[in-house]
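See below for target-v3.cif, which holds mmCIF, C-alpha atoms and all ligand atoms.
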```cif
data_model
loop_
_atom_site.label_atom_id
_atom_site.label_comp_id
_atom_site.auth_asym_id
_atom_site.auth_seq_id
_atom_site.Cartn_x
_atom_site.Cartn_y
_atom_site.Cartn_z
CA MET A 126 -59.85 165.63 222.69
CA ARG A 127 -60.61 161.89 222.77
CA LEU A 128 -57.45 159.81 222.80
CA TYR A 129 -57.18 157.67 219.69
CA LYS A 130 -55.95 154.13 220.21
CA LEU A 131 -52.99 152.67 218.36
CA ALA A 132 -51.62 149.17 217.95
CA VAL A 133 -47.87 149.12 217.30
CA LEU A 134 -46.44 146.08 215.51
CA VAL A 135 -42.78 145.30 216.15
CA SER A 136 -40.11 142.65 215.50
CA GLY A 137 -36.94 143.96 217.11
CA GLY A 138 -35.43 146.50 219.47
CA GLY A 139 -38.40 148.87 219.39
CA SER A 140 -36.58 152.21 219.14
CA ASN A 141 -39.40 153.47 216.89
CA LEU A 142 -41.96 152.23 219.43
CA GLN A 143 -39.99 154.14 222.07
CA ALA A 144 -40.18 157.29 219.94
CA ILE A 145 -43.98 156.96 219.90
CA ILE A 146 -44.09 156.34 223.66
CA ASP A 147 -41.91 159.42 224.24
CA SER A 148 -44.13 161.54 221.95
CA ILE A 149 -47.20 160.55 223.95
CA GLN A 150 -45.47 161.23 227.26
CA SER A 151 -44.32 164.65 225.99
CA GLY A 152 -47.92 165.54 225.08
CA MET A 153 -47.20 165.75 221.32
CA LEU A 154 -49.52 162.83 220.52
CA HIS A 155 -52.97 162.53 222.13
CA ALA A 156 -52.88 158.79 221.65
CA GLU A 157 -52.91 155.65 223.71
CA ILE A 158 -50.88 152.62 222.69
CA ALA A 159 -53.55 150.01 223.40
CA LEU A 160 -51.51 147.02 222.20
CA VAL A 161 -48.01 146.05 221.06
CA VAL A 162 -47.80 142.92 218.91
CA SER A 163 -44.53 141.24 217.98
CA ASP A 164 -43.96 138.39 215.55
CA GLN A 165 -40.80 137.54 217.52
CA GLN A 166 -40.85 136.06 221.02
CA GLY A 167 -38.32 137.94 223.18
CA ALA A 168 -38.15 141.12 221.05
CA TYR A 169 -36.82 143.90 223.28
CA ALA A 170 -39.68 146.07 222.02
CA LEU A 171 -41.99 143.87 224.11
CA GLU A 172 -40.01 144.72 227.26
CA ARG A 173 -40.26 148.43 226.45
CA ALA A 174 -44.06 148.07 226.32
CA GLN A 175 -44.39 145.79 229.35
CA SER A 176 -42.21 148.09 231.47
CA ILE A 177 -44.92 150.78 231.26
CA GLY A 178 -47.94 148.46 231.40
CA ILE A 179 -48.85 148.38 227.69
CA PRO A 180 -50.61 145.08 226.82
CA THR A 181 -48.49 142.92 224.50
CA ALA A 182 -48.98 139.81 222.39
CA VAL A 183 -46.73 137.56 220.31
CA ILE A 184 -48.57 136.54 217.16
CA LYS A 185 -46.90 134.71 214.29
CA LYS A 186 -48.62 134.03 210.96
CA ASP A 187 -52.10 133.88 212.53
CA THR A 188 -54.47 136.29 210.80
CA GLU A 189 -57.48 135.47 212.96
CA ALA A 190 -55.53 135.91 216.20
CA LEU A 191 -54.16 139.24 214.97
CA LEU A 192 -57.58 140.49 213.89
CA GLU A 193 -59.08 139.41 217.22
CA ALA A 194 -56.32 141.12 219.25
CA LEU A 195 -56.78 144.36 217.26
CA ARG A 196 -60.56 144.21 217.53
CA SER A 197 -60.61 143.59 221.28
CA ALA A 198 -58.12 146.42 221.82
CA GLU A 199 -60.53 148.65 219.84
CA VAL A 200 -57.67 150.32 217.96
CA ASP A 201 -58.20 153.24 215.59
CA GLY A 202 -54.92 152.71 213.73
CA ILE A 203 -51.92 150.43 213.31
CA ILE A 204 -48.26 151.50 213.24
CA LEU A 205 -45.67 149.09 211.78
CA ALA A 206 -42.48 150.03 213.66
CA GLY A 207 -39.67 147.77 212.55
CA TYR A 208 -42.20 145.01 211.83
CA LEU A 209 -40.79 142.42 209.43
CA SER A 210 -43.78 140.23 208.64
CA ILE A 211 -46.18 140.92 205.78
CA LEU A 212 -49.52 142.15 207.09
CA PRO A 213 -52.38 139.84 206.10
CA LYS A 214 -54.73 141.25 203.45
CA ALA A 215 -57.68 140.89 205.86
CA VAL A 216 -55.98 143.25 208.33
CA ILE A 217 -55.15 145.76 205.59
CA ALA A 218 -58.77 145.66 204.43
CA ALA A 219 -60.12 146.09 207.98
CA TYR A 220 -57.92 149.14 208.69
CA GLU A 221 -57.59 150.59 205.16
CA GLY A 222 -56.07 154.06 205.25
CA ARG A 223 -55.18 153.79 208.95
CA ILE A 224 -51.98 151.70 208.79
CA LEU A 225 -48.59 153.45 208.72
CA ASN A 226 -45.12 151.99 208.13
CA ILE A 227 -41.68 153.48 208.69
CA HIS A 228 -39.00 152.52 206.16
CA PRO A 229 -35.30 153.48 206.39
CA SER A 230 -34.82 154.76 202.82
CA LEU A 231 -36.17 157.37 200.42
CA ILE A 232 -38.98 155.30 198.88
CA PRO A 233 -39.27 154.38 195.99
CA LYS A 234 -35.53 153.65 196.23
CA TYR A 235 -34.13 150.73 198.23
CA CYS A 236 -37.44 149.27 199.30
CA GLY A 237 -39.49 146.15 198.61
CA LYS A 238 -38.56 142.53 199.09
CA GLY A 239 -35.27 142.01 200.96
CA PHE A 240 -34.72 145.71 201.71
CA TYR A 241 -35.01 145.91 205.47
CA GLY A 242 -32.75 146.88 208.36
CA ILE A 243 -29.02 147.02 207.62
CA HIS A 244 -29.54 145.60 204.11
CA VAL A 245 -31.04 148.92 203.04
CA HIS A 246 -28.02 150.93 204.17
CA ARG A 247 -25.50 148.44 202.69
CA ALA A 248 -27.22 148.81 199.30
CA VAL A 249 -27.20 152.64 199.57
CA ILE A 250 -23.47 152.68 200.41
CA GLU A 251 -22.60 150.15 197.68
CA ALA A 252 -24.51 152.21 195.11
CA GLY A 253 -22.48 155.28 196.05
CA GLU A 254 -25.58 157.35 196.85
CA ARG A 255 -24.93 160.90 198.07
CA GLU A 256 -28.07 160.96 200.20
CA SER A 257 -30.48 158.66 201.96
CA GLY A 258 -33.26 159.11 204.50
CA ALA A 259 -36.46 157.64 205.88
CA THR A 260 -40.09 157.44 204.78
CA VAL A 261 -43.43 157.01 206.52
CA HIS A 262 -46.12 155.69 204.18
CA PHE A 263 -49.59 154.16 204.26
CA VAL A 264 -49.59 150.38 204.06
CA ASP A 265 -51.36 148.78 201.10
CA GLU A 266 -51.10 145.23 199.79
CA GLY A 267 -47.65 145.73 198.31
CA ILE A 268 -44.31 145.87 200.14
CA ASP A 269 -43.41 149.51 200.93
CA THR A 270 -45.71 150.69 198.09
CA GLY A 271 -48.39 152.76 199.86
CA ALA A 272 -48.82 156.53 199.50
CA ILE A 273 -45.99 158.50 201.10
CA ILE A 274 -46.90 160.61 204.15
CA LEU A 275 -43.53 162.07 205.22
CA GLN A 276 -39.91 161.75 204.07
CA GLU A 277 -36.71 163.32 205.38
CA ARG A 278 -33.28 163.26 203.74
CA VAL A 279 -29.78 162.90 205.16
CA ALA A 280 -26.39 163.20 203.42
CA VAL A 281 -24.33 160.04 202.97
CA LEU A 282 -20.80 160.98 204.13
CA PRO A 283 -17.68 159.71 202.30
CA LYS A 284 -16.53 157.71 205.33
CA ASP A 285 -20.00 156.33 206.10
CA THR A 286 -20.39 152.63 206.72
CA ALA A 287 -23.78 150.91 206.60
CA GLU A 288 -23.78 151.03 210.41
CA SER A 289 -22.94 154.74 210.72
CA LEU A 290 -25.56 155.61 208.09
CA GLN A 291 -28.16 153.42 209.82
CA LYS A 292 -27.58 155.31 213.06
CA ARG A 293 -28.26 158.68 211.40
CA VAL A 294 -31.28 157.41 209.47
CA LEU A 295 -32.72 155.91 212.67
CA GLU A 296 -32.61 159.39 214.24
CA ILE A 297 -34.73 160.64 211.33
CA GLU A 298 -37.15 157.75 211.76
CA HIS A 299 -37.68 158.65 215.39
CA ARG A 300 -38.55 162.20 214.34
CA ILE A 301 -40.82 161.64 211.36
CA LEU A 302 -42.84 158.66 212.67
CA PRO A 303 -44.52 160.63 215.49
CA ARG A 304 -45.00 163.58 213.13
CA ALA A 305 -46.69 161.36 210.56
CA ILE A 306 -48.95 159.86 213.24
CA ALA A 307 -49.98 163.38 214.29
CA GLN A 308 -50.64 164.32 210.65
CA VAL A 309 -52.91 161.31 210.11
CA PHE A 310 -54.63 160.81 213.47
CA GLU A 311 -54.67 164.11 215.34
CA GLU A 312 -57.94 165.93 214.64
CA GLN A 313 -57.03 169.06 212.75
CA GLU A 314 -57.56 172.11 214.98
CA GLY A 315 -60.36 174.51 214.09
C1 LIG B 1 -34.60 149.46 211.87
O1 LIG B 1 -33.78 148.93 210.85
C2 LIG B 1 -35.43 150.58 211.32
O2 LIG B 1 -34.72 151.27 210.31
C3 LIG B 1 -36.60 149.89 210.72
O3 LIG B 1 -36.83 148.77 211.56
C4 LIG B 1 -35.60 148.40 212.23
C5 LIG B 1 -35.77 148.24 213.70
O4 LIG B 1 -36.30 149.38 214.24
N1 LIG B 1 -37.73 150.77 210.63
P1 LIG B 1 -36.77 149.42 215.81
O5 LIG B 1 -35.56 149.89 216.60
O6 LIG B 1 -37.17 148.01 216.20
O7 LIG B 1 -37.88 150.39 215.85
#
```
Just give me the structure of the file as structure tokens.
Ligand code: GRF
Amino acid sequence: MRLYKLAVLVSGGGSNLQAIIDSIQSGMLHAEIALVVSDQQGAYALERAQSIGIPTAVIKKDTEALLEALRSAEVDGIILAGYLSILPKAVIAAYEGRILNIHPSLIPKYCGKGFYGIHVHRAVIEAGERESGATVHFVDEGIDTGAIILQERVAVLPKDTAESLQKRVLEIEHRILPRAIAQVFEEQEG
């Protein structure tokens, strides 16, 4: 099976990038991470990539540079893994239907403008929700509005803080992101 090439876009620690790397190394995904792009200089996700020889780039608000980096890496798909910038419309158009995002809530709840990272979990706790979870969805021109690919739920415990809930939701993210990538990019057997 030909390896498909992925670009992974990051902004922070890169634990979701690491989950993809681990899934490739375990043989679950027949993919190659051809490029990791961060909008933040010094993001630890960049070190995770560089430590195993994955090409990286830091690109901030520069549509042409991003398109050029993606084109020269000849990627088949783009994974937003903790990426906090809005993807330019030209990139969404160029990779329509092949861009996935991981969000730490049960979309359509607690998503959209301002709902990212710990803010999501604070809002879930403050609302007294009994459950939360994570979602992988296709990226369209909205914020967290594309078609849902995979979702997994987790109970919110009475003593949960935003931090303890985030930790449990992150574990779900690391499970469903590789599974969603396989669902979209792995050629169906047979
Ligand atoms: C986390 O808040 C995660 O829920 C969201 O992006 C943030 C950073 O994730 N998807 P990562 O560790 O950089 O992958």
With all atoms listed in the file as the atoms that count, which of A:Ala287, A:Val161, A:Val133, A:Ala174 lies nearest to Arg247 (chain A)? A:Ala287
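Distances to Gly152 (chain A) were evaluated for A:Arg223, A:His244, A:Ala307, A:Glu312 using all atoms listed in the file, and the minimum falls at A:Ala307.
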Who sits within 9 Å of Lys214 (chain A), only C-alpha atoms, same chain under 5 positions skipped, as a list of chain:residue names: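 Neighbouring residues, sequence-local ones excluded: A:Thr188, A:Ala219, A:Asp265, A:Glu266.
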Could you take the residues named above and write them with C-alpha atoms, as a PDB file, in the coordinates of the input?
```pdb
ATOM      1  CA  THR A 188     -54.470 136.290 210.800  1.00  0.00           C
ATOM      2  CA  ALA A 219     -60.120 146.090 207.980  1.00  0.00           C
ATOM      3  CA  ASP A 265     -51.360 148.780 201.100  1.00  0.00           C
ATOM      4  CA  GLU A 266     -51.100 145.230 199.790  1.00  0.00           C
TER       5      GLU A 266
END
```
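Residue nearest ligand LIG 1 (chain B) within the list A:Pro233, A:Gly253, A:Pro303, A:Gly138: A:Gly138 [criterion: smallest interatomic distance, all atoms listed in the file].
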How many Å lie between CA of Gly222 (chain A) and CA of Gln291 (chain A), rounded to one decimal? 28.3 Å
Quick one: residues within 12 Å of region 201-203 of chain A, only C-alpha atoms, excluding same-chain residues fewer than 2 positions away - as a ChimeraX atom specification? /A:127-135,142,156-162,191-192,194-199,205-206,208,212,216-217,219-227,263-264,306-307,309-311
Written selection (C-alpha atoms) as a CSV table (one decimal), in the coordinates of the input:
```csv
chain,number,residue,atom,x,y,z
A,127,ARG,CA,-60.6,161.9,222.8
A,128,LEU,CA,-57.4,159.8,222.8
A,129,TYR,CA,-57.2,157.7,219.7
A,130,LYS,CA,-56.0,154.1,220.2
A,131,LEU,CA,-53.0,152.7,218.4
A,132,ALA,CA,-51.6,149.2,218.0
A,133,VAL,CA,-47.9,149.1,217.3
A,134,LEU,CA,-46.4,146.1,215.5
A,135,VAL,CA,-42.8,145.3,216.2
A,142,LEU,CA,-42.0,152.2,219.4
A,156,ALA,CA,-52.9,158.8,221.6
A,157,GLU,CA,-52.9,155.6,223.7
A,158,ILE,CA,-50.9,152.6,222.7
A,159,ALA,CA,-53.6,150.0,223.4
A,160,LEU,CA,-51.5,147.0,222.2
A,161,VAL,CA,-48.0,146.0,221.1
A,162,VAL,CA,-47.8,142.9,218.9
A,191,LEU,CA,-54.2,139.2,215.0
A,192,LEU,CA,-57.6,140.5,213.9
A,194,ALA,CA,-56.3,141.1,219.2
A,195,LEU,CA,-56.8,144.4,217.3
A,196,ARG,CA,-60.6,144.2,217.5
A,197,SER,CA,-60.6,143.6,221.3
A,198,ALA,CA,-58.1,146.4,221.8
A,199,GLU,CA,-60.5,148.6,219.8
A,205,LEU,CA,-45.7,149.1,211.8
A,206,ALA,CA,-42.5,150.0,213.7
A,208,TYR,CA,-42.2,145.0,211.8
A,212,LEU,CA,-49.5,142.2,207.1
A,216,VAL,CA,-56.0,143.2,208.3
A,217,ILE,CA,-55.2,145.8,205.6
A,219,ALA,CA,-60.1,146.1,208.0
A,220,TYR,CA,-57.9,149.1,208.7
A,221,GLU,CA,-57.6,150.6,205.2
A,222,GLY,CA,-56.1,154.1,205.2
A,223,ARG,CA,-55.2,153.8,209.0
A,224,ILE,CA,-52.0,151.7,208.8
A,225,LEU,CA,-48.6,153.4,208.7
A,226,ASN,CA,-45.1,152.0,208.1
A,227,ILE,CA,-41.7,153.5,208.7
A,263,PHE,CA,-49.6,154.2,204.3
A,264,VAL,CA,-49.6,150.4,204.1
A,306,ILE,CA,-49.0,159.9,213.2
A,307,ALA,CA,-50.0,163.4,214.3
A,309,VAL,CA,-52.9,161.3,210.1
A,310,PHE,CA,-54.6,160.8,213.5
A,311,GLU,CA,-54.7,164.1,215.3
```
Given 9 Å and only C-alpha atoms and all ligand atoms, residues near ligand LIG 1 (chain B) as a ChimeraX atom specification: /A:135-144,168-170,205-209,226-230,241-245,259,291-292,294-295,298-299
What does the distance from CA of His246 (chain A) to CA of Ser163 (chain A) come to in Å, to one decimal?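 Rounded to one decimal, the two atoms are 23.6 Å apart.
Our summary of the geometry notes that CA of Gln166 (chain A) is positioned 25.6 Å from CA of Val261 (chain A).
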Between A:Val281, A:Leu275, A:Ala218, A:Ile146, single out the one closest to Ile179 (chain A), counting only C-alpha atoms.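 Looking at the shortest contact to Ile179 (chain A), the residue is A:Ile146.
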Work out where the centre of an axis-aligned box around every listed atom of region 269-279 of chain A lies and how long its edges are once 6 Å is added on each side; give both in Å to one decimal as AutoDock Vina command-line options.
```
--center_x -39.3 --center_y 156.4 --center_z 201.7 --size_x 31.0 --size_y 25.8 --size_z 19.3
```
Between A:Ile232, A:Ala215, A:Val183, A:Ile297, single out the one closest to Asp269 (chain A), counting all atoms listed in the file.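 Among the listed residues, A:Ile232 lies closest to Asp269 (chain A).
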Selected residue of minimal separation from Pro213 (chain A) among A:Met153, A:Ile177, A:Ala252, A:Ile268, counting all atoms listed in the file: A:Ile268
